[in-house]
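Asker: For reference, the file query-v2.txt (compact mmCIF, C-alpha atoms and all ligand atoms) is included below:
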# COMPACT_ATOMS: atom_id res chain seq x y z
CA MET B 1 39.08 81.75 136.54
CA ARG B 2 41.60 84.53 135.98
CA LEU B 3 44.88 84.65 137.95
CA ASP B 4 47.28 87.59 138.03
CA VAL B 5 50.68 87.36 139.70
CA VAL B 6 52.88 90.44 140.18
CA THR B 7 56.48 89.50 141.06
CA ILE B 8 60.10 90.54 140.62
CA PHE B 9 60.82 86.92 139.53
CA PRO B 10 58.38 86.08 136.71
CA GLU B 11 60.51 83.02 135.82
CA TYR B 12 59.76 81.59 139.28
CA LEU B 13 56.18 81.07 138.07
CA GLU B 14 57.21 78.93 135.06
CA PRO B 15 55.80 75.80 136.75
CA LEU B 16 52.34 77.25 136.08
CA ASN B 17 52.92 76.00 132.51
CA VAL B 18 53.35 72.38 133.67
CA SER B 19 51.10 69.49 134.70
CA LEU B 20 47.60 70.09 136.06
CA VAL B 21 47.74 73.91 136.09
CA GLY B 22 49.45 74.01 132.68
CA LYS B 23 46.77 71.76 131.19
CA ALA B 24 43.98 73.82 132.75
CA ARG B 25 45.52 76.88 131.07
CA ALA B 26 45.79 75.13 127.73
CA ARG B 27 42.12 74.11 127.97
CA GLY B 28 41.10 77.71 128.74
CA GLN B 29 39.90 76.87 132.29
CA LEU B 30 42.52 79.18 133.78
CA ASP B 31 43.59 82.54 132.37
CA VAL B 32 47.01 83.22 133.95
CA HIS B 33 48.86 86.55 133.71
CA VAL B 34 52.34 86.88 135.26
CA HIS B 35 53.67 90.44 135.50
CA ASP B 36 57.16 91.79 136.27
CA LEU B 37 56.83 94.37 139.07
CA ARG B 38 59.84 96.25 137.66
CA THR B 39 57.66 97.19 134.65
CA TRP B 40 56.21 99.82 137.01
CA THR B 41 59.49 101.42 138.10
CA HIS B 42 60.78 104.63 136.51
CA ASP B 43 64.40 104.91 137.67
CA ARG B 44 67.47 103.56 135.92
CA HIS B 45 67.94 100.77 138.47
CA HIS B 46 64.29 99.66 138.49
CA THR B 47 64.22 100.06 142.26
CA VAL B 48 61.46 98.18 144.11
CA ASP B 49 62.74 98.37 147.70
CA ASP B 50 64.05 100.85 150.25
CA THR B 51 65.21 100.95 153.89
CA PRO B 52 62.59 100.51 156.63
CA TYR B 53 61.25 103.50 158.59
CA GLY B 54 62.20 103.07 162.22
CA GLY B 55 65.41 101.30 161.27
CA GLY B 56 66.26 97.63 161.41
CA PRO B 57 67.68 95.05 159.03
CA GLY B 58 66.51 94.26 155.52
CA MET B 59 64.55 96.21 152.97
CA VAL B 60 60.87 96.96 152.42
CA MET B 61 59.10 96.89 149.03
CA LYS B 62 58.03 100.37 147.96
CA THR B 63 54.44 101.54 147.60
CA GLU B 64 54.58 103.16 144.15
CA PRO B 65 55.49 100.18 141.90
CA TRP B 66 52.87 98.00 143.64
CA GLY B 67 50.24 100.73 143.35
CA GLU B 68 50.83 101.25 139.64
CA ALA B 69 51.02 97.50 139.01
CA LEU B 70 47.77 96.72 140.82
CA ASP B 71 45.92 99.65 139.22
CA THR B 72 47.00 98.40 135.78
CA VAL B 73 46.08 94.77 136.49
CA LEU B 74 42.70 95.82 137.92
CA ALA B 75 41.88 98.03 134.94
CA ASP B 76 42.83 95.21 132.56
CA GLY B 77 40.77 92.57 134.36
CA TYR B 78 37.71 94.79 134.74
CA GLU B 79 37.91 95.65 131.04
CA ALA B 80 38.05 91.93 130.22
CA GLY B 81 34.91 91.46 132.36
CA HIS B 82 36.26 89.03 134.96
CA GLY B 83 33.97 90.15 137.77
CA ARG B 84 35.20 91.03 141.24
CA PRO B 85 38.80 90.21 142.22
CA ALA B 86 40.19 88.95 145.52
CA LEU B 87 43.72 89.93 146.53
CA ILE B 88 45.93 87.14 147.90
CA VAL B 89 48.95 88.39 149.85
CA PRO B 90 51.39 85.58 150.72
CA THR B 91 53.21 86.30 153.98
CA PRO B 92 54.53 84.19 156.86
CA SER B 93 52.45 86.42 159.15
CA GLY B 94 49.21 85.61 157.31
CA ARG B 95 46.35 83.29 158.30
CA PRO B 96 47.16 79.60 157.70
CA PHE B 97 46.21 78.52 154.18
CA THR B 98 43.76 75.60 154.51
CA GLN B 99 41.70 73.34 152.27
CA ASP B 100 38.67 75.30 153.42
CA LEU B 101 40.15 78.53 152.02
CA ALA B 102 41.21 76.69 148.84
CA VAL B 103 37.57 75.67 148.31
CA ARG B 104 36.34 79.23 148.87
CA LEU B 105 38.97 80.71 146.53
CA SER B 106 38.09 78.14 143.84
CA GLU B 107 34.61 79.71 143.74
CA GLN B 108 36.03 83.18 142.90
CA PRO B 109 36.25 84.43 139.30
CA TRP B 110 39.54 86.30 139.68
CA LEU B 111 42.52 86.12 142.05
CA ILE B 112 45.43 88.58 142.19
CA PHE B 113 48.65 87.48 143.97
CA THR B 114 51.33 89.82 145.34
CA PRO B 115 54.32 87.67 146.37
CA ALA B 116 56.92 89.82 148.13
CA ARG B 117 60.68 89.51 148.67
CA TYR B 118 62.79 91.15 151.39
CA GLU B 119 60.95 92.05 154.62
CA GLY B 120 57.62 92.45 152.82
CA ILE B 121 55.56 95.24 151.24
CA ASP B 122 54.91 98.67 152.77
CA ARG B 123 51.72 98.14 154.81
CA ARG B 124 49.90 101.00 153.09
CA VAL B 125 49.57 98.94 149.89
CA VAL B 126 47.45 96.23 151.55
CA ASP B 127 45.47 98.83 153.52
CA GLU B 128 44.72 100.75 150.31
CA TYR B 129 43.46 97.79 148.27
CA ALA B 130 41.57 96.31 151.23
CA THR B 131 39.15 99.24 150.85
CA ARG B 132 38.34 98.06 147.32
CA MET B 133 38.29 94.24 147.48
CA PRO B 134 38.55 91.25 149.81
CA VAL B 135 42.16 90.69 150.89
CA HIS B 136 43.48 87.34 152.17
CA GLU B 137 46.90 87.45 153.83
CA VAL B 138 47.94 83.79 153.83
CA SER B 139 50.83 81.71 155.15
CA ILE B 140 51.54 78.20 153.86
CA GLY B 141 53.14 76.98 157.09
CA ASP B 142 55.19 77.81 160.14
CA TYR B 143 58.54 78.45 158.49
CA VAL B 144 59.99 81.40 156.58
CA LEU B 145 60.59 81.40 152.82
CA ALA B 146 62.78 83.91 150.99
CA GLY B 147 59.74 85.13 149.09
CA GLY B 148 56.07 84.49 148.40
CA GLU B 149 56.44 82.99 144.91
CA ALA B 150 56.60 79.37 146.10
CA ALA B 151 53.47 80.05 148.16
CA VAL B 152 51.70 81.31 145.00
CA LEU B 153 52.50 77.99 143.31
CA VAL B 154 51.13 76.10 146.33
CA VAL B 155 47.89 78.09 146.55
CA THR B 156 47.37 78.02 142.78
CA GLU B 157 47.70 74.24 142.58
CA ALA B 158 45.40 73.65 145.57
CA VAL B 159 42.77 75.93 144.00
CA ALA B 160 43.12 74.82 140.36
CA ARG B 161 42.54 71.13 141.09
CA LEU B 162 39.16 72.07 142.61
CA LEU B 163 37.88 73.90 139.51
CA PRO B 164 35.11 72.06 137.66
CA GLY B 165 36.57 69.84 134.95
CA VAL B 166 40.24 70.26 135.93
CA LEU B 167 40.63 66.88 137.67
CA GLY B 168 39.28 64.00 135.58
CA ASN B 169 37.03 62.76 138.37
CA ALA B 170 35.16 65.28 140.57
CA GLU B 171 34.51 62.44 143.08
CA SER B 172 38.23 62.32 143.81
CA HIS B 173 37.90 65.48 145.95
CA ARG B 174 35.48 63.76 148.28
CA ASP B 175 38.02 61.58 150.07
CA ASP B 176 40.86 64.12 150.05
CA SER B 177 42.62 64.63 153.34
CA PHE B 178 40.87 67.56 155.10
CA ALA B 179 37.67 67.15 153.01
CA PRO B 180 34.33 67.61 154.85
CA ALA B 181 33.37 63.98 154.07
CA MET B 182 36.55 63.00 155.94
CA ALA B 183 35.53 65.23 158.89
CA GLY B 184 38.70 67.21 158.16
CA LEU B 185 40.93 64.18 158.89
CA LEU B 186 43.80 62.57 156.95
CA GLU B 187 43.60 59.91 154.23
CA GLY B 188 44.99 56.51 155.11
CA PRO B 189 47.38 54.32 153.08
CA VAL B 190 46.59 53.13 149.54
CA TYR B 191 47.75 50.04 147.58
CA THR B 192 47.81 48.80 143.98
CA LYS B 193 49.08 45.76 142.03
CA PRO B 194 51.11 43.58 142.36
CA PRO B 195 49.54 41.87 145.38
CA LEU B 196 52.95 40.71 146.64
CA TRP B 197 56.07 42.91 146.46
CA ARG B 198 59.37 42.02 148.18
CA GLY B 199 57.52 39.70 150.51
CA ARG B 200 54.98 42.41 151.43
CA ASP B 201 51.30 41.69 150.80
CA ILE B 202 48.32 44.00 151.09
CA PRO B 203 45.65 44.03 153.81
CA ASP B 204 43.26 41.06 153.20
CA VAL B 205 40.19 43.22 153.72
CA LEU B 206 40.96 45.17 150.51
CA LEU B 207 40.64 41.90 148.54
CA SER B 208 37.48 40.79 150.37
CA GLY B 209 35.04 42.64 148.11
CA HIS B 210 33.10 43.50 151.28
CA HIS B 211 32.38 47.23 150.86
CA GLY B 212 31.20 47.74 154.43
CA LYS B 213 34.34 46.16 155.88
CA ILE B 214 36.57 48.11 153.49
CA ALA B 215 34.91 51.40 154.51
CA ARG B 216 35.36 50.50 158.21
CA TRP B 217 39.04 49.62 157.64
CA ARG B 218 39.64 52.91 155.81
CA ARG B 219 37.98 54.83 158.61
CA ASP B 220 40.19 53.09 161.20
CA GLU B 221 43.31 53.90 159.17
CA THR B 222 42.19 57.54 158.91
CA LEU B 223 41.81 57.73 162.69
CA ARG B 224 45.11 55.92 163.33
CA ARG B 225 47.09 58.13 160.98
CA THR B 226 45.47 61.37 162.09
CA THR B 227 46.06 60.50 165.76
CA ALA B 228 49.73 59.81 165.01
CA HIS B 229 50.50 62.72 162.66
CA ARG B 230 47.96 65.42 163.48
CA PRO B 231 46.30 65.00 166.88
CA ASP B 232 45.22 68.66 166.61
CA LEU B 233 42.80 67.69 163.81
CA ILE B 234 41.09 65.14 166.08
CA GLU B 235 40.77 67.71 168.89
CA ARG B 236 39.15 70.16 166.50
CA CYS B 237 36.45 67.70 165.33
CA ALA B 238 32.85 68.07 166.48
CA PRO B 239 32.09 65.23 168.96
CA ASP B 240 29.36 63.87 166.62
CA ALA B 241 32.02 63.37 163.91
CA PHE B 242 32.81 60.03 165.63
CA ASP B 243 30.58 56.95 165.69
CA LYS B 244 30.58 54.16 168.29
CA LYS B 245 33.16 52.08 166.39
CA ASP B 246 35.43 55.14 165.99
CA ARG B 247 35.47 55.48 169.76
CA GLU B 248 36.52 51.85 170.19
CA MET B 249 39.70 52.56 168.18
CL1 LIG L 301 53.25 82.93 152.09
N1 LIG L 301 55.75 83.71 152.40
C1 LIG L 301 56.96 83.63 152.97
N2 LIG L 301 57.90 84.47 152.58
N3 LIG L 301 57.27 82.73 153.88
C2 LIG L 301 56.31 81.89 154.23
C3 LIG L 301 55.03 81.92 153.69
C4 LIG L 301 54.77 82.86 152.76
N4 LIG L 301 54.29 80.96 154.26
C5 LIG L 301 55.09 80.35 155.12
N5 LIG L 301 56.31 80.91 155.10
As structure tokens, what does this structure read like?

Answerer:
Amino acid sequence: MRLDVVTIFPEYLEPLNVSLVGKARARGQLDVHVHDLRTWTHDRHHTVDDTPYGGGPGMVMKTEPWGEALDTVLADGYEAGHGRPALIVPTPSGRPFTQDLAVRLSEQPWLIFTPARYEGIDRRVVDEYATRMPVHEVSIGDYVLAGGEAAVLVVTEAVARLLPGVLGNAESHRDDSFAPAMAGLLEGPVYTKPPLWRGRDIPDVLLSGHHGKIARWRRDETLRRTTAHRPDLIERCAPDAFDKKDREM
């Protein structure tokens, strides 16, 4: 998979060199290109923003640097034969970023990210590129960040860990919180050695060796935790997602 990020803070994307994403890059599973938007300015001050039409506070990112940047990135990626790109526009007014979208994006050959600062990018930029490729305006939660760069790191990590061969064990996706096999619910608690720590032991069932009982216990913990932390996820479940024992919980 190829990733392009156009930003006025390329150094904000340094974490893409670390840990899981960094290793995927080193192995050639991810081809990451971070670009400085100011490369595509032509004035002495490398201006990327201007005052909003209609008035109001803050500044809006200008069309021309984004247009030149995206045209250049697109020409480069097409020349390198990456297939068809999708444009990911991080914005607090986007659709919520979910595991479902992470899975769909992980199946794409090429993602281009346009993290904005200030009050966002002139709308015409998204409208223009939406005629040429799929555009996903995404929000990572109901709060406002100073810019989209942190959201790019979030989306990139969620997507990269789903790529074939990036996580050691492909089975480990199966029981992820939000995974289809979990009916979109949350993972329960986990334990490891030692068996006794500061007077705290671990649930007996996990030592029983009884796989059926362990699976039932995990399911109960999933339901308990999801009910407590995210009742909305229970509401959203299809009724047949619950068996008779689930309903007794
Ligand atoms: Cl993607 N960008 C910004 N600036 N704020 C956000 C966000 C994105 N998602 C939640 N808050």

Asker: What do you get as a PyMOL selection string if you pick all residues at most 10 Å from ligand LIG 301 (chain L), counting all atoms listed in the file?

Answerer: chain B and resi 88-97+114-120+137-152+154-155

Asker: Can you spit out the residues from that selection as a PDB file, in the frame of the given file, using C-alpha atoms?

Answerer:
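The file below, part_26.pdb, is the result:
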ATOM      1  CA  ILE B  88      45.930  87.140 147.900  1.00  0.00           C
ATOM      2  CA  VAL B  89      48.950  88.390 149.850  1.00  0.00           C
ATOM      3  CA  PRO B  90      51.390  85.580 150.720  1.00  0.00           C
ATOM      4  CA  THR B  91      53.210  86.300 153.980  1.00  0.00           C
ATOM      5  CA  PRO B  92      54.530  84.190 156.860  1.00  0.00           C
ATOM      6  CA  SER B  93      52.450  86.420 159.150  1.00  0.00           C
ATOM      7  CA  GLY B  94      49.210  85.610 157.310  1.00  0.00           C
ATOM      8  CA  ARG B  95      46.350  83.290 158.300  1.00  0.00           C
ATOM      9  CA  PRO B  96      47.160  79.600 157.700  1.00  0.00           C
ATOM     10  CA  PHE B  97      46.210  78.520 154.180  1.00  0.00           C
ATOM     11  CA  THR B 114      51.330  89.820 145.340  1.00  0.00           C
ATOM     12  CA  PRO B 115      54.320  87.670 146.370  1.00  0.00           C
ATOM     13  CA  ALA B 116      56.920  89.820 148.130  1.00  0.00           C
ATOM     14  CA  ARG B 117      60.680  89.510 148.670  1.00  0.00           C
ATOM     15  CA  TYR B 118      62.790  91.150 151.390  1.00  0.00           C
ATOM     16  CA  GLU B 119      60.950  92.050 154.620  1.00  0.00           C
ATOM     17  CA  GLY B 120      57.620  92.450 152.820  1.00  0.00           C
ATOM     18  CA  GLU B 137      46.900  87.450 153.830  1.00  0.00           C
ATOM     19  CA  VAL B 138      47.940  83.790 153.830  1.00  0.00           C
ATOM     20  CA  SER B 139      50.830  81.710 155.150  1.00  0.00           C
ATOM     21  CA  ILE B 140      51.540  78.200 153.860  1.00  0.00           C
ATOM     22  CA  GLY B 141      53.140  76.980 157.090  1.00  0.00           C
ATOM     23  CA  ASP B 142      55.190  77.810 160.140  1.00  0.00           C
ATOM     24  CA  TYR B 143      58.540  78.450 158.490  1.00  0.00           C
ATOM     25  CA  VAL B 144      59.990  81.400 156.580  1.00  0.00           C
ATOM     26  CA  LEU B 145      60.590  81.400 152.820  1.00  0.00           C
ATOM     27  CA  ALA B 146      62.780  83.910 150.990  1.00  0.00           C
ATOM     28  CA  GLY B 147      59.740  85.130 149.090  1.00  0.00           C
ATOM     29  CA  GLY B 148      56.070  84.490 148.400  1.00  0.00           C
ATOM     30  CA  GLU B 149      56.440  82.990 144.910  1.00  0.00           C
ATOM     31  CA  ALA B 150      56.600  79.370 146.100  1.00  0.00           C
ATOM     32  CA  ALA B 151      53.470  80.050 148.160  1.00  0.00           C
ATOM     33  CA  VAL B 152      51.700  81.310 145.000  1.00  0.00           C
ATOM     34  CA  VAL B 154      51.130  76.100 146.330  1.00  0.00           C
ATOM     35  CA  VAL B 155      47.890  78.090 146.550  1.00  0.00           C
TER      36      VAL B 155
END

Asker: Mind checking which residues fall within 12 Å of region 40-45 of chain B, counting all atoms listed in the file, ignoring those fewer than 3 positions away in the same chain, and posting them as a ChimeraX atom specification?

Answerer: /B:6-8,35-37,48-49,61-73

Asker: What gap, in Å, lies between CA of His33 (chain B) and CA of Val125 (chain B)?

Answerer: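 Between CA of His33 (chain B) and CA of Val125 (chain B) the gap is 20.4 Å.
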
Asker: Identify the residues within 9 Å of coordinate (41.5, 66.4, 159.1) (same frame as the file), considering all atoms listed in the file, and give the answer as a list in words.

Answerer: Ser177, Phe178, Ala179, Pro180, Met182, Ala183, Gly184, Leu185, Leu186, Glu187, Thr222, Thr226, Arg230, Asp232, Leu233, Ile234, Arg236 and Cys237 of chain B

Asker: One decimal, in Å: what's the spacing between CA of Arg247 (chain B) and CA of Leu223 (chain B)?

Answerer: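 It comes out at 9.8 Å.
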
Asker: Go through B:Arg2, B:His173, B:Arg132, B:Lys193 one by one, measure the shortest atom-to-atom distance of each to Gln29 (chain B) using all atoms listed in the file, and give the residue with the smallest value.

Answerer: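 Answer, going by the shortest atom-to-atom distance: B:Arg2.
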